$ cat entry30.csv   # CSV, N, CA, C and O atoms
chain,number,residue,atom,x,y,z
E,627,MET,N,-9.7,-2.0,-38.5
E,627,MET,CA,-8.5,-1.5,-38.1
E,627,MET,C,-8.6,-0.4,-37.0
E,627,MET,O,-7.9,-0.4,-36.1
E,628,LEU,N,-9.6,0.4,-37.2
E,628,LEU,CA,-9.9,1.5,-36.3
E,628,LEU,C,-10.2,1.0,-34.9
E,628,LEU,O,-9.8,1.5,-33.9
E,629,ARG,N,-11.0,-0.1,-34.9
E,629,ARG,CA,-11.4,-0.7,-33.6
E,629,ARG,C,-10.1,-1.2,-32.9
E,629,ARG,O,-10.0,-1.1,-31.7
E,630,PHE,N,-9.2,-1.8,-33.6
E,630,PHE,CA,-7.9,-2.3,-33.0
E,630,PHE,C,-7.2,-1.2,-32.3
E,630,PHE,O,-6.8,-1.3,-31.2
E,631,PHE,N,-7.0,0.0,-33.0
E,631,PHE,CA,-6.3,1.1,-32.5
E,631,PHE,C,-7.0,1.7,-31.3
E,631,PHE,O,-6.4,2.1,-30.3
E,632,MET,N,-8.4,1.7,-31.3
E,632,MET,CA,-9.1,2.2,-30.2
E,632,MET,C,-8.9,1.3,-29.0
E,632,MET,O,-8.8,1.8,-27.9
E,633,PHE,N,-8.9,0.0,-29.2
E,633,PHE,CA,-8.7,-1.0,-28.1
E,633,PHE,C,-7.4,-0.8,-27.5
E,633,PHE,O,-7.2,-0.8,-26.3
E,634,VAL,N,-6.3,-0.7,-28.3
E,634,VAL,CA,-5.0,-0.5,-27.8
E,634,VAL,C,-4.8,0.8,-27.1
E,634,VAL,O,-4.3,0.8,-26.0
E,635,GLY,N,-5.4,1.9,-27.6
E,635,GLY,CA,-5.4,3.2,-26.9
E,635,GLY,C,-6.1,3.1,-25.6
E,635,GLY,O,-5.5,3.6,-24.6
E,636,LEU,N,-7.2,2.5,-25.5
E,636,LEU,CA,-8.0,2.4,-24.2
E,636,LEU,C,-7.2,1.5,-23.2
E,636,LEU,O,-7.2,1.8,-22.0
E,637,SER,N,-6.6,0.4,-23.7
E,637,SER,CA,-5.8,-0.4,-22.8
E,637,SER,C,-4.6,0.3,-22.2
E,637,SER,O,-4.3,0.2,-21.0
E,638,LEU,N,-3.9,1.1,-23.1
E,638,LEU,CA,-2.8,1.9,-22.5
E,638,LEU,C,-3.3,2.9,-21.6
E,638,LEU,O,-2.6,3.2,-20.5
E,639,LEU,N,-4.4,3.6,-21.8
E,639,LEU,CA,-4.9,4.6,-20.9
E,639,LEU,C,-5.3,4.0,-19.6
E,639,LEU,O,-5.0,4.6,-18.6
E,640,SER,N,-5.9,2.8,-19.6
E,640,SER,CA,-6.3,2.2,-18.4
E,640,SER,C,-5.1,1.8,-17.5
E,640,SER,O,-5.1,1.9,-16.3
E,641,SER,N,-4.0,1.4,-18.2
E,641,SER,CA,-2.9,1.0,-17.4
E,641,SER,C,-2.2,2.2,-16.8
E,641,SER,O,-1.6,2.1,-15.8
E,642,VAL,N,-2.2,3.3,-17.5
E,642,VAL,CA,-1.6,4.6,-17.0
E,642,VAL,C,-2.4,5.1,-15.8
E,642,VAL,O,-1.9,5.4,-14.7
E,643,VAL,N,-3.7,5.1,-15.9
E,643,VAL,CA,-4.6,5.6,-14.8
E,643,VAL,C,-4.6,4.6,-13.6
E,643,VAL,O,-4.7,5.1,-12.5
E,644,LYS,N,-4.5,3.3,-13.9
E,644,LYS,CA,-4.7,2.3,-12.8
E,644,LYS,C,-3.6,2.5,-11.7
E,644,LYS,O,-4.0,2.4,-10.5
E,645,GLY,N,-2.4,2.7,-12.0
E,645,GLY,CA,-1.4,2.7,-11.0
E,645,GLY,C,-0.7,4.0,-10.8
E,645,GLY,O,0.5,4.1,-11.0
E,646,GLN,N,-1.4,5.0,-10.4
E,646,GLN,CA,-0.7,6.3,-10.4
E,646,GLN,C,-0.5,6.9,-8.9
E,646,GLN,O,-0.1,8.0,-8.8
E,647,TYR,N,-0.8,6.1,-7.9
E,647,TYR,CA,-0.8,6.6,-6.6
E,647,TYR,C,0.3,5.8,-5.8
E,647,TYR,O,0.6,4.7,-6.1
E,648,SER,N,0.7,6.4,-4.7
E,648,SER,CA,1.7,5.7,-3.8
E,648,SER,C,1.2,5.9,-2.3
E,648,SER,O,0.5,6.7,-2.0
E,649,LEU,N,1.7,5.0,-1.5
E,649,LEU,CA,1.5,5.0,-0.1
E,649,LEU,C,2.8,4.9,0.6
E,649,LEU,O,3.5,3.9,0.4
E,650,THR,N,3.2,5.8,1.5
E,650,THR,CA,4.4,5.6,2.3
E,650,THR,C,4.0,5.8,3.8
E,650,THR,O,3.0,6.5,4.1
E,651,GLY,N,4.7,5.2,4.6
E,651,GLY,CA,4.4,5.3,6.0
E,651,GLY,C,5.4,4.6,6.9
E,651,GLY,O,6.5,4.2,6.5
E,652,THR,N,5.1,4.5,8.2
E,652,THR,CA,5.9,4.0,9.2
E,652,THR,C,5.1,3.0,10.1
E,652,THR,O,4.0,3.3,10.4
E,653,ILE,N,5.8,1.9,10.5
E,653,ILE,CA,5.2,1.0,11.4
E,653,ILE,C,5.8,1.2,12.8
E,653,ILE,O,7.1,1.3,12.9
E,654,THR,N,5.0,1.4,13.8
E,654,THR,CA,5.5,1.7,15.2
E,654,THR,C,4.9,0.8,16.2
E,654,THR,O,3.9,0.1,16.0
E,655,ASP,N,5.6,0.7,17.4
E,655,ASP,CA,5.0,0.0,18.5
E,655,ASP,C,3.9,0.9,19.1
E,655,ASP,O,4.1,2.1,19.2
E,656,CYS,N,2.8,0.3,19.4
E,656,CYS,CA,1.6,1.1,19.8
E,656,CYS,C,1.8,1.8,21.2
E,656,CYS,O,1.2,2.8,21.4
E,657,LEU,N,2.7,1.3,22.0
E,657,LEU,CA,2.9,2.0,23.3
E,657,LEU,C,4.0,3.0,23.3
E,657,LEU,O,3.9,4.1,23.7
E,658,SER,N,5.2,2.5,22.8
E,658,SER,CA,6.4,3.4,22.9
E,658,SER,C,6.5,4.3,21.7
E,658,SER,O,7.2,5.3,21.7
E,659,ARG,N,5.7,4.0,20.6
E,659,ARG,CA,5.8,4.7,19.3
E,659,ARG,C,7.2,4.6,18.6
E,659,ARG,O,7.5,5.3,17.7
E,660,ALA,N,8.0,3.6,19.1
E,660,ALA,CA,9.3,3.4,18.5
E,660,ALA,C,9.0,2.7,17.1
E,660,ALA,O,8.2,1.8,17.0
E,661,PRO,N,9.8,3.1,16.1
E,661,PRO,CA,9.7,2.4,14.8
E,661,PRO,C,10.1,1.0,14.9
E,661,PRO,O,11.0,0.6,15.6
E,662,LEU,N,9.4,0.1,14.1
E,662,LEU,CA,9.6,-1.3,14.0
E,662,LEU,C,10.3,-1.7,12.7
E,662,LEU,O,9.7,-1.6,11.6
E,663,SER,N,11.6,-2.0,12.8
E,663,SER,CA,12.3,-2.4,11.6
E,663,SER,C,12.0,-3.9,11.3
E,663,SER,O,11.7,-4.7,12.2
E,664,GLY,N,12.0,-4.3,10.0
E,664,GLY,CA,11.7,-5.7,9.7
E,664,GLY,C,10.3,-6.1,9.7
E,664,GLY,O,10.0,-7.3,9.6
E,665,ALA,N,9.4,-5.2,9.9
E,665,ALA,CA,7.9,-5.6,9.9
E,665,ALA,C,7.5,-5.8,8.4
E,665,ALA,O,8.1,-5.2,7.5
E,666,THR,N,6.6,-6.7,8.3
E,666,THR,CA,6.1,-7.1,6.9
E,666,THR,C,4.8,-6.3,6.7
E,666,THR,O,3.9,-6.4,7.5
E,667,VAL,N,4.7,-5.7,5.6
E,667,VAL,CA,3.4,-5.0,5.2
E,667,VAL,C,3.0,-5.6,3.9
E,667,VAL,O,3.7,-5.5,2.9
E,668,GLU,N,1.8,-6.2,3.9
E,668,GLU,CA,1.3,-6.9,2.8
E,668,GLU,C,0.0,-6.2,2.2
E,668,GLU,O,-0.9,-5.8,3.0
E,669,LEU,N,0.0,-6.0,0.9
E,669,LEU,CA,-1.2,-5.4,0.2
E,669,LEU,C,-2.1,-6.6,-0.1
E,669,LEU,O,-1.8,-7.4,-1.0
E,670,VAL,N,-3.1,-6.8,0.7
E,670,VAL,CA,-3.9,-8.0,0.7
E,670,VAL,C,-4.6,-8.1,-0.7
E,670,VAL,O,-5.2,-7.1,-1.2
E,671,GLY,N,-4.6,-9.3,-1.3
E,671,GLY,CA,-5.2,-9.6,-2.5
E,671,GLY,C,-4.5,-9.2,-3.8
E,671,GLY,O,-4.9,-9.5,-4.9
E,672,GLN,N,-3.3,-8.6,-3.6
E,672,GLN,CA,-2.5,-8.2,-4.8
E,672,GLN,C,-1.1,-8.8,-4.7
E,672,GLN,O,-0.3,-8.5,-5.6
E,673,GLN,N,-0.8,-9.6,-3.8
E,673,GLN,CA,0.4,-10.3,-3.6
E,673,GLN,C,1.6,-9.4,-3.7
E,673,GLN,O,2.6,-9.7,-4.3
E,674,LYS,N,1.5,-8.2,-3.1
E,674,LYS,CA,2.6,-7.3,-2.9
E,674,LYS,C,3.0,-7.2,-1.5
E,674,LYS,O,2.1,-6.9,-0.6
E,675,THR,N,4.2,-7.4,-1.2
E,675,THR,CA,4.7,-7.4,0.2
E,675,THR,C,6.0,-6.6,0.3
E,675,THR,O,6.9,-6.7,-0.6
E,676,VAL,N,6.1,-5.8,1.3
E,676,VAL,CA,7.4,-5.0,1.5
E,676,VAL,C,7.8,-5.2,3.0
E,676,VAL,O,6.9,-5.5,3.8
E,677,GLN,N,9.0,-4.9,3.3
E,677,GLN,CA,9.6,-5.0,4.7
E,677,GLN,C,9.9,-3.5,5.1
E,677,GLN,O,10.4,-2.8,4.2
E,678,THR,N,9.7,-3.2,6.3
E,678,THR,CA,10.1,-1.9,6.8
E,678,THR,C,11.7,-1.8,6.9
E,678,THR,O,12.3,-2.8,7.2
E,679,ASN,N,12.2,-0.6,6.7
E,679,ASN,CA,13.6,-0.4,6.9
E,679,ASN,C,14.0,-0.2,8.4
E,679,ASN,O,13.1,-0.3,9.2
E,680,ALA,N,15.2,0.2,8.6
E,680,ALA,CA,15.7,0.4,10.0
E,680,ALA,C,14.9,1.5,10.8
E,680,ALA,O,14.8,1.4,12.0
E,681,GLN,N,14.3,2.4,10.0
E,681,GLN,CA,13.5,3.5,10.7
E,681,GLN,C,12.0,3.1,10.7
E,681,GLN,O,11.1,4.0,11.0
E,682,GLY,N,11.6,1.9,10.3
E,682,GLY,CA,10.2,1.4,10.3
E,682,GLY,C,9.4,1.9,9.1
E,682,GLY,O,8.2,1.8,9.1
E,683,GLN,N,10.1,2.4,8.1
E,683,GLN,CA,9.4,3.0,7.0
E,683,GLN,C,9.2,2.0,5.9
E,683,GLN,O,10.0,1.1,5.7
E,684,PHE,N,8.1,2.2,5.1
E,684,PHE,CA,7.7,1.3,4.0
E,684,PHE,C,7.1,2.2,2.9
E,684,PHE,O,6.8,3.4,3.1
E,685,SER,N,7.0,1.6,1.7
E,685,SER,CA,6.4,2.3,0.6
E,685,SER,C,5.8,1.4,-0.4
E,685,SER,O,6.4,0.3,-0.7
E,686,PHE,N,4.7,1.7,-1.0
E,686,PHE,CA,4.0,1.0,-2.1
E,686,PHE,C,3.8,2.0,-3.2
E,686,PHE,O,3.4,3.1,-3.0
E,687,GLN,N,4.2,1.6,-4.4
E,687,GLN,CA,4.0,2.4,-5.6
E,687,GLN,C,2.9,1.8,-6.5
E,687,GLN,O,2.6,0.6,-6.3
E,688,ASP,N,2.5,2.5,-7.5
E,688,ASP,CA,1.5,2.0,-8.5
E,688,ASP,C,0.2,1.5,-7.9
E,688,ASP,O,-0.2,0.4,-8.3
E,689,LEU,N,-0.4,2.2,-7.0
E,689,LEU,CA,-1.6,1.8,-6.4
E,689,LEU,C,-2.8,2.5,-7.1
E,689,LEU,O,-2.6,3.6,-7.6
E,690,SER,N,-3.9,1.8,-7.2
E,690,SER,CA,-5.1,2.4,-7.9
E,690,SER,C,-5.8,3.3,-6.8
E,690,SER,O,-5.7,3.0,-5.6
E,691,LYS,N,-6.6,4.2,-7.3
E,691,LYS,CA,-7.4,5.0,-6.4
E,691,LYS,C,-8.5,4.1,-5.8
E,691,LYS,O,-9.0,3.2,-6.4
E,692,GLY,N,-8.8,4.3,-4.5
E,692,GLY,CA,-9.8,3.5,-3.8
E,692,GLY,C,-9.3,2.9,-2.5
E,692,GLY,O,-8.3,3.3,-2.0
E,693,THR,N,-10.1,2.0,-2.0
E,693,THR,CA,-9.8,1.4,-0.7
E,693,THR,C,-8.9,0.2,-0.9
E,693,THR,O,-9.1,-0.7,-1.7
E,694,HIS,N,-7.9,0.1,0.0
E,694,HIS,CA,-6.9,-1.0,0.0
E,694,HIS,C,-6.8,-1.5,1.4
E,694,HIS,O,-6.9,-0.8,2.4
E,695,HIS,N,-6.6,-2.8,1.5
E,695,HIS,CA,-6.4,-3.5,2.8
E,695,HIS,C,-5.0,-4.0,2.9
E,695,HIS,O,-4.5,-4.6,2.0
E,696,PHE,N,-4.4,-3.7,4.1
E,696,PHE,CA,-3.0,-4.0,4.4
E,696,PHE,C,-3.0,-4.9,5.6
E,696,PHE,O,-3.8,-4.7,6.6
E,697,TYR,N,-2.1,-5.9,5.6
E,697,TYR,CA,-1.9,-6.8,6.8
E,697,TYR,C,-0.5,-6.5,7.2
E,697,TYR,O,0.5,-6.7,6.4
E,698,VAL,N,-0.3,-6.1,8.5
E,698,VAL,CA,1.0,-5.7,9.0
E,698,VAL,C,1.3,-6.7,10.1
E,698,VAL,O,0.5,-7.0,11.0
E,699,SER,N,2.5,-7.3,10.0
E,699,SER,CA,3.0,-8.3,11.1
E,699,SER,C,4.5,-8.1,11.3
E,699,SER,O,5.2,-7.5,10.5
E,700,GLN,N,4.8,-8.6,12.5
E,700,GLN,CA,6.2,-8.6,12.9
E,700,GLN,C,6.4,-9.5,14.0
E,700,GLN,O,5.5,-9.7,14.8
E,701,ASP,N,7.5,-10.2,14.1
E,701,ASP,CA,7.8,-11.1,15.2
E,701,ASP,C,7.5,-10.4,16.5
E,701,ASP,O,7.7,-9.2,16.7
E,702,ASP,N,7.0,-11.1,17.5
E,702,ASP,CA,6.7,-10.6,18.8
E,702,ASP,C,5.5,-9.6,18.9
E,702,ASP,O,5.1,-9.1,19.9
E,703,TYR,N,4.8,-9.4,17.8
E,703,TYR,CA,3.6,-8.5,17.7
E,703,TYR,C,2.4,-9.3,17.1
E,703,TYR,O,2.6,-10.1,16.2
E,704,LYS,N,1.2,-8.9,17.5
E,704,LYS,CA,0.0,-9.4,16.8
E,704,LYS,C,-0.1,-8.8,15.5
E,704,LYS,O,0.0,-7.6,15.3
E,705,GLY,N,-0.4,-9.6,14.4
E,705,GLY,CA,-0.7,-9.1,13.1
E,705,GLY,C,-2.0,-8.3,13.1
E,705,GLY,O,-2.9,-8.5,14.0
E,706,HIS,N,-2.1,-7.3,12.3
E,706,HIS,CA,-3.3,-6.4,12.3
E,706,HIS,C,-3.6,-6.0,10.8
E,706,HIS,O,-2.7,-5.7,10.0
E,707,PHE,N,-4.9,-6.0,10.5
E,707,PHE,CA,-5.4,-5.5,9.2
E,707,PHE,C,-5.6,-4.0,9.3
E,707,PHE,O,-6.2,-3.5,10.4
E,708,PHE,N,-5.3,-3.2,8.3
E,708,PHE,CA,-5.6,-1.8,8.2
E,708,PHE,C,-6.2,-1.5,6.9
E,708,PHE,O,-5.8,-2.1,5.9
E,709,LYS,N,-7.2,-0.6,6.9
E,709,LYS,CA,-7.8,-0.2,5.7
E,709,LYS,C,-7.5,1.2,5.4
E,709,LYS,O,-7.6,2.1,6.2
E,710,VAL,N,-7.1,1.5,4.1
E,710,VAL,CA,-6.7,2.9,3.7
E,710,VAL,C,-7.4,3.2,2.4
E,710,VAL,O,-7.4,2.4,1.5
E,711,SER,N,-8.0,4.4,2.4
E,711,SER,CA,-8.7,4.9,1.2
E,711,SER,C,-7.7,5.8,0.5
E,711,SER,O,-7.4,6.9,1.1
E,712,ILE,N,-7.3,5.4,-0.7
E,712,ILE,CA,-6.3,6.2,-1.4
E,712,ILE,C,-7.1,7.2,-2.4
E,712,ILE,O,-7.8,6.7,-3.2
E,713,LYS,N,-6.9,8.4,-2.2
E,713,LYS,CA,-7.5,9.5,-3.0
E,713,LYS,C,-6.4,10.3,-3.8
E,713,LYS,O,-6.7,10.9,-4.7
E,714,ARG,N,-5.2,10.2,-3.2
E,714,ARG,CA,-4.1,10.9,-3.8
E,714,ARG,C,-2.8,10.2,-3.2
E,714,ARG,O,-3.0,9.2,-2.5
E,715,ASN,N,-1.7,10.7,-3.5
E,715,ASN,CA,-0.5,10.1,-2.9
E,715,ASN,C,-0.5,10.3,-1.4
E,715,ASN,O,-0.7,11.4,-1.0
E,716,GLU,N,-0.5,9.2,-0.7
E,716,GLU,CA,-0.6,9.2,0.8
E,716,GLU,C,0.8,9.1,1.4
E,716,GLU,O,1.5,8.2,1.1
E,717,LYS,N,1.2,10.1,2.2
E,717,LYS,CA,2.5,10.1,2.8
E,717,LYS,C,2.4,10.1,4.3
E,717,LYS,O,1.5,10.7,4.9
E,718,ASN,N,3.4,9.5,4.9
E,718,ASN,CA,3.6,9.5,6.3
E,718,ASN,C,2.4,8.9,7.1
E,718,ASN,O,2.1,9.3,8.2
E,719,TYR,N,1.9,7.9,6.5
E,719,TYR,CA,0.8,7.1,7.2
E,719,TYR,C,1.5,6.3,8.3
E,719,TYR,O,2.6,5.7,8.1
E,720,ILE,N,0.8,6.2,9.4
E,720,ILE,CA,1.4,5.4,10.6
E,720,ILE,C,0.5,4.3,11.0
E,720,ILE,O,-0.7,4.5,11.2
E,721,PHE,N,1.0,3.1,11.0
E,721,PHE,CA,0.3,1.9,11.5
E,721,PHE,C,1.0,1.5,12.8
E,721,PHE,O,2.3,1.4,12.9
E,722,ALA,N,0.3,1.3,13.9
E,722,ALA,CA,0.9,0.9,15.2
E,722,ALA,C,0.5,-0.6,15.5
E,722,ALA,O,-0.7,-1.0,15.3
E,723,LEU,N,1.5,-1.3,15.9
E,723,LEU,CA,1.3,-2.7,16.3
E,723,LEU,C,1.4,-2.9,17.8
E,723,LEU,O,2.3,-2.2,18.4
E,724,CYS,N,0.6,-3.7,18.4
E,724,CYS,CA,0.7,-4.0,19.8
E,724,CYS,C,1.1,-5.5,20.0
E,724,CYS,O,0.7,-6.3,19.2
E,725,ASN,N,1.8,-5.8,21.1
E,725,ASN,CA,2.1,-7.2,21.4
E,725,ASN,C,1.3,-7.8,22.5
E,725,ASN,O,0.4,-7.2,23.0

$ encode --input "entry30.csv" --output "structure tokens"
Amino acid sequence: MLRFFMFVGLSLLSSVVKGQYSLTGTITDCLSRAPLSGATVELVGQQKTVQTNAQGQFSFQDLSKGTHHFYVSQDDYKGHFFKVSIKRNEKNYIFALCN
């Protein structure tokens, strides 16, 4: 019985620690620096995708600490992969797309 409770406790602890970080940012045009609304930001390998709002902003919640790969695309622009190392909550990250 003690093993069962230890297993449940460790499982709950790992789920709490696993997703405690967030990433917020903006997608812009690489030349004009204008925000790109409707761009798709995909967290590669985790099947999480968000769209940027009218100000080009996006947000991912419940990320684990470590390196994550993102694929950003938008009509009229070349898609691009970005690598971000998450050590804490990352705010105001900027990805720029060129066409």

$ closest_residue --input "entry30.csv" --among "E:Arg714, E:Asp702, E:Leu662, E:Asn725" --to "Leu689 of chain E" --atoms "only N, CA, C and O atoms"
E:Arg714

$ residues_near_point --input "entry30.csv" --point "(3.8, 6.7, 4.1)" --cutoff "10 Å" --atoms "only C-alpha atoms" --output "ChimeraX atom specification"
/E:648-653,683-686,715-721

$ residues_around --input "entry30.csv" --residues "segment 693-701 of chain E" --least-positions-apart "3" --cutoff "8 Å" --atoms "only C-alpha atoms" --output "ChimeraX atom specification"
/E:664-670,704-712,723

$ write_last_selection --input "entry30.csv" --atoms "N, CA, C and O atoms" --output "mmCIF file, in the coordinates of the input"
data_model
loop_
_atom_site.group_PDB
_atom_site.id
_atom_site.type_symbol
_atom_site.label_atom_id
_atom_site.label_comp_id
_atom_site.auth_asym_id
_atom_site.auth_seq_id
_atom_site.Cartn_x
_atom_site.Cartn_y
_atom_site.Cartn_z
ATOM 1 N N GLY E 664 12.000 -4.300 10.000
ATOM 2 C CA GLY E 664 11.700 -5.700 9.700
ATOM 3 C C GLY E 664 10.300 -6.100 9.700
ATOM 4 O O GLY E 664 10.000 -7.300 9.600
ATOM 5 N N ALA E 665 9.400 -5.200 9.900
ATOM 6 C CA ALA E 665 7.900 -5.600 9.900
ATOM 7 C C ALA E 665 7.500 -5.800 8.400
ATOM 8 O O ALA E 665 8.100 -5.200 7.500
ATOM 9 N N THR E 666 6.600 -6.700 8.300
ATOM 10 C CA THR E 666 6.100 -7.100 6.900
ATOM 11 C C THR E 666 4.800 -6.300 6.700
ATOM 12 O O THR E 666 3.900 -6.400 7.500
ATOM 13 N N VAL E 667 4.700 -5.700 5.600
ATOM 14 C CA VAL E 667 3.400 -5.000 5.200
ATOM 15 C C VAL E 667 3.000 -5.600 3.900
ATOM 16 O O VAL E 667 3.700 -5.500 2.900
ATOM 17 N N GLU E 668 1.800 -6.200 3.900
ATOM 18 C CA GLU E 668 1.300 -6.900 2.800
ATOM 19 C C GLU E 668 0.000 -6.200 2.200
ATOM 20 O O GLU E 668 -0.900 -5.800 3.000
ATOM 21 N N LEU E 669 0.000 -6.000 0.900
ATOM 22 C CA LEU E 669 -1.200 -5.400 0.200
ATOM 23 C C LEU E 669 -2.100 -6.600 -0.100
ATOM 24 O O LEU E 669 -1.800 -7.400 -1.000
ATOM 25 N N VAL E 670 -3.100 -6.800 0.700
ATOM 26 C CA VAL E 670 -3.900 -8.000 0.700
ATOM 27 C C VAL E 670 -4.600 -8.100 -0.700
ATOM 28 O O VAL E 670 -5.200 -7.100 -1.200
ATOM 29 N N LYS E 704 1.200 -8.900 17.500
ATOM 30 C CA LYS E 704 0.000 -9.400 16.800
ATOM 31 C C LYS E 704 -0.100 -8.800 15.500
ATOM 32 O O LYS E 704 0.000 -7.600 15.300
ATOM 33 N N GLY E 705 -0.400 -9.600 14.400
ATOM 34 C CA GLY E 705 -0.700 -9.100 13.100
ATOM 35 C C GLY E 705 -2.000 -8.300 13.100
ATOM 36 O O GLY E 705 -2.900 -8.500 14.000
ATOM 37 N N HIS E 706 -2.100 -7.300 12.300
ATOM 38 C CA HIS E 706 -3.300 -6.400 12.300
ATOM 39 C C HIS E 706 -3.600 -6.000 10.800
ATOM 40 O O HIS E 706 -2.700 -5.700 10.000
ATOM 41 N N PHE E 707 -4.900 -6.000 10.500
ATOM 42 C CA PHE E 707 -5.400 -5.500 9.200
ATOM 43 C C PHE E 707 -5.600 -4.000 9.300
ATOM 44 O O PHE E 707 -6.200 -3.500 10.400
ATOM 45 N N PHE E 708 -5.300 -3.200 8.300
ATOM 46 C CA PHE E 708 -5.600 -1.800 8.200
ATOM 47 C C PHE E 708 -6.200 -1.500 6.900
ATOM 48 O O PHE E 708 -5.800 -2.100 5.900
ATOM 49 N N LYS E 709 -7.200 -0.600 6.900
ATOM 50 C CA LYS E 709 -7.800 -0.200 5.700
ATOM 51 C C LYS E 709 -7.500 1.200 5.400
ATOM 52 O O LYS E 709 -7.600 2.100 6.200
ATOM 53 N N VAL E 710 -7.100 1.500 4.100
ATOM 54 C CA VAL E 710 -6.700 2.900 3.700
ATOM 55 C C VAL E 710 -7.400 3.200 2.400
ATOM 56 O O VAL E 710 -7.400 2.400 1.500
ATOM 57 N N SER E 711 -8.000 4.400 2.400
ATOM 58 C CA SER E 711 -8.700 4.900 1.200
ATOM 59 C C SER E 711 -7.700 5.800 0.500
ATOM 60 O O SER E 711 -7.400 6.900 1.100
ATOM 61 N N ILE E 712 -7.300 5.400 -0.700
ATOM 62 C CA ILE E 712 -6.300 6.200 -1.400
ATOM 63 C C ILE E 712 -7.100 7.200 -2.400
ATOM 64 O O ILE E 712 -7.800 6.700 -3.200
ATOM 65 N N LEU E 723 1.500 -1.300 15.900
ATOM 66 C CA LEU E 723 1.300 -2.700 16.300
ATOM 67 C C LEU E 723 1.400 -2.900 17.800
ATOM 68 O O LEU E 723 2.300 -2.200 18.400
#

$ select_by_dssp --input "entry30.csv" --residues "chain E" --states "alpha helix (DSSP H)" --output "short mmCIF file (atom, residue, chain, number, x, y, z; two decimals) with N, CA, C and O atoms, in the coordinates of the input"
data_model
loop_
_atom_site.label_atom_id
_atom_site.label_comp_id
_atom_site.auth_asym_id
_atom_site.auth_seq_id
_atom_site.Cartn_x
_atom_site.Cartn_y
_atom_site.Cartn_z
N LEU E 628 -9.60 0.40 -37.20
CA LEU E 628 -9.90 1.50 -36.30
C LEU E 628 -10.20 1.00 -34.90
O LEU E 628 -9.80 1.50 -33.90
N ARG E 629 -11.00 -0.10 -34.90
CA ARG E 629 -11.40 -0.70 -33.60
C ARG E 629 -10.10 -1.20 -32.90
O ARG E 629 -10.00 -1.10 -31.70
N PHE E 630 -9.20 -1.80 -33.60
CA PHE E 630 -7.90 -2.30 -33.00
C PHE E 630 -7.20 -1.20 -32.30
O PHE E 630 -6.80 -1.30 -31.20
N PHE E 631 -7.00 0.00 -33.00
CA PHE E 631 -6.30 1.10 -32.50
C PHE E 631 -7.00 1.70 -31.30
O PHE E 631 -6.40 2.10 -30.30
N MET E 632 -8.40 1.70 -31.30
CA MET E 632 -9.10 2.20 -30.20
C MET E 632 -8.90 1.30 -29.00
O MET E 632 -8.80 1.80 -27.90
N PHE E 633 -8.90 0.00 -29.20
CA PHE E 633 -8.70 -1.00 -28.10
C PHE E 633 -7.40 -0.80 -27.50
O PHE E 633 -7.20 -0.80 -26.30
N VAL E 634 -6.30 -0.70 -28.30
CA VAL E 634 -5.00 -0.50 -27.80
C VAL E 634 -4.80 0.80 -27.10
O VAL E 634 -4.30 0.80 -26.00
N GLY E 635 -5.40 1.90 -27.60
CA GLY E 635 -5.40 3.20 -26.90
C GLY E 635 -6.10 3.10 -25.60
O GLY E 635 -5.50 3.60 -24.60
N LEU E 636 -7.20 2.50 -25.50
CA LEU E 636 -8.00 2.40 -24.20
C LEU E 636 -7.20 1.50 -23.20
O LEU E 636 -7.20 1.80 -22.00
N SER E 637 -6.60 0.40 -23.70
CA SER E 637 -5.80 -0.40 -22.80
C SER E 637 -4.60 0.30 -22.20
O SER E 637 -4.30 0.20 -21.00
N LEU E 638 -3.90 1.10 -23.10
CA LEU E 638 -2.80 1.90 -22.50
C LEU E 638 -3.30 2.90 -21.60
O LEU E 638 -2.60 3.20 -20.50
N LEU E 639 -4.40 3.60 -21.80
CA LEU E 639 -4.90 4.60 -20.90
C LEU E 639 -5.30 4.00 -19.60
O LEU E 639 -5.00 4.60 -18.60
N SER E 640 -5.90 2.80 -19.60
CA SER E 640 -6.30 2.20 -18.40
C SER E 640 -5.10 1.80 -17.50
O SER E 640 -5.10 1.90 -16.30
N SER E 641 -4.00 1.40 -18.20
CA SER E 641 -2.90 1.00 -17.40
C SER E 641 -2.20 2.20 -16.80
O SER E 641 -1.60 2.10 -15.80
N VAL E 642 -2.20 3.30 -17.50
CA VAL E 642 -1.60 4.60 -17.00
C VAL E 642 -2.40 5.10 -15.80
O VAL E 642 -1.90 5.40 -14.70
N VAL E 643 -3.70 5.10 -15.90
CA VAL E 643 -4.60 5.60 -14.80
C VAL E 643 -4.60 4.60 -13.60
O VAL E 643 -4.70 5.10 -12.50
N LYS E 644 -4.50 3.30 -13.90
CA LYS E 644 -4.70 2.30 -12.80
C LYS E 644 -3.60 2.50 -11.70
O LYS E 644 -4.00 2.40 -10.50
#

$ closest_residue --input "entry30.csv" --among "E:Thr675, E:Gln646, E:Gln681, E:Gln687" --to "Ser663 of chain E" --atoms "all atoms listed in the file"
E:Gln681
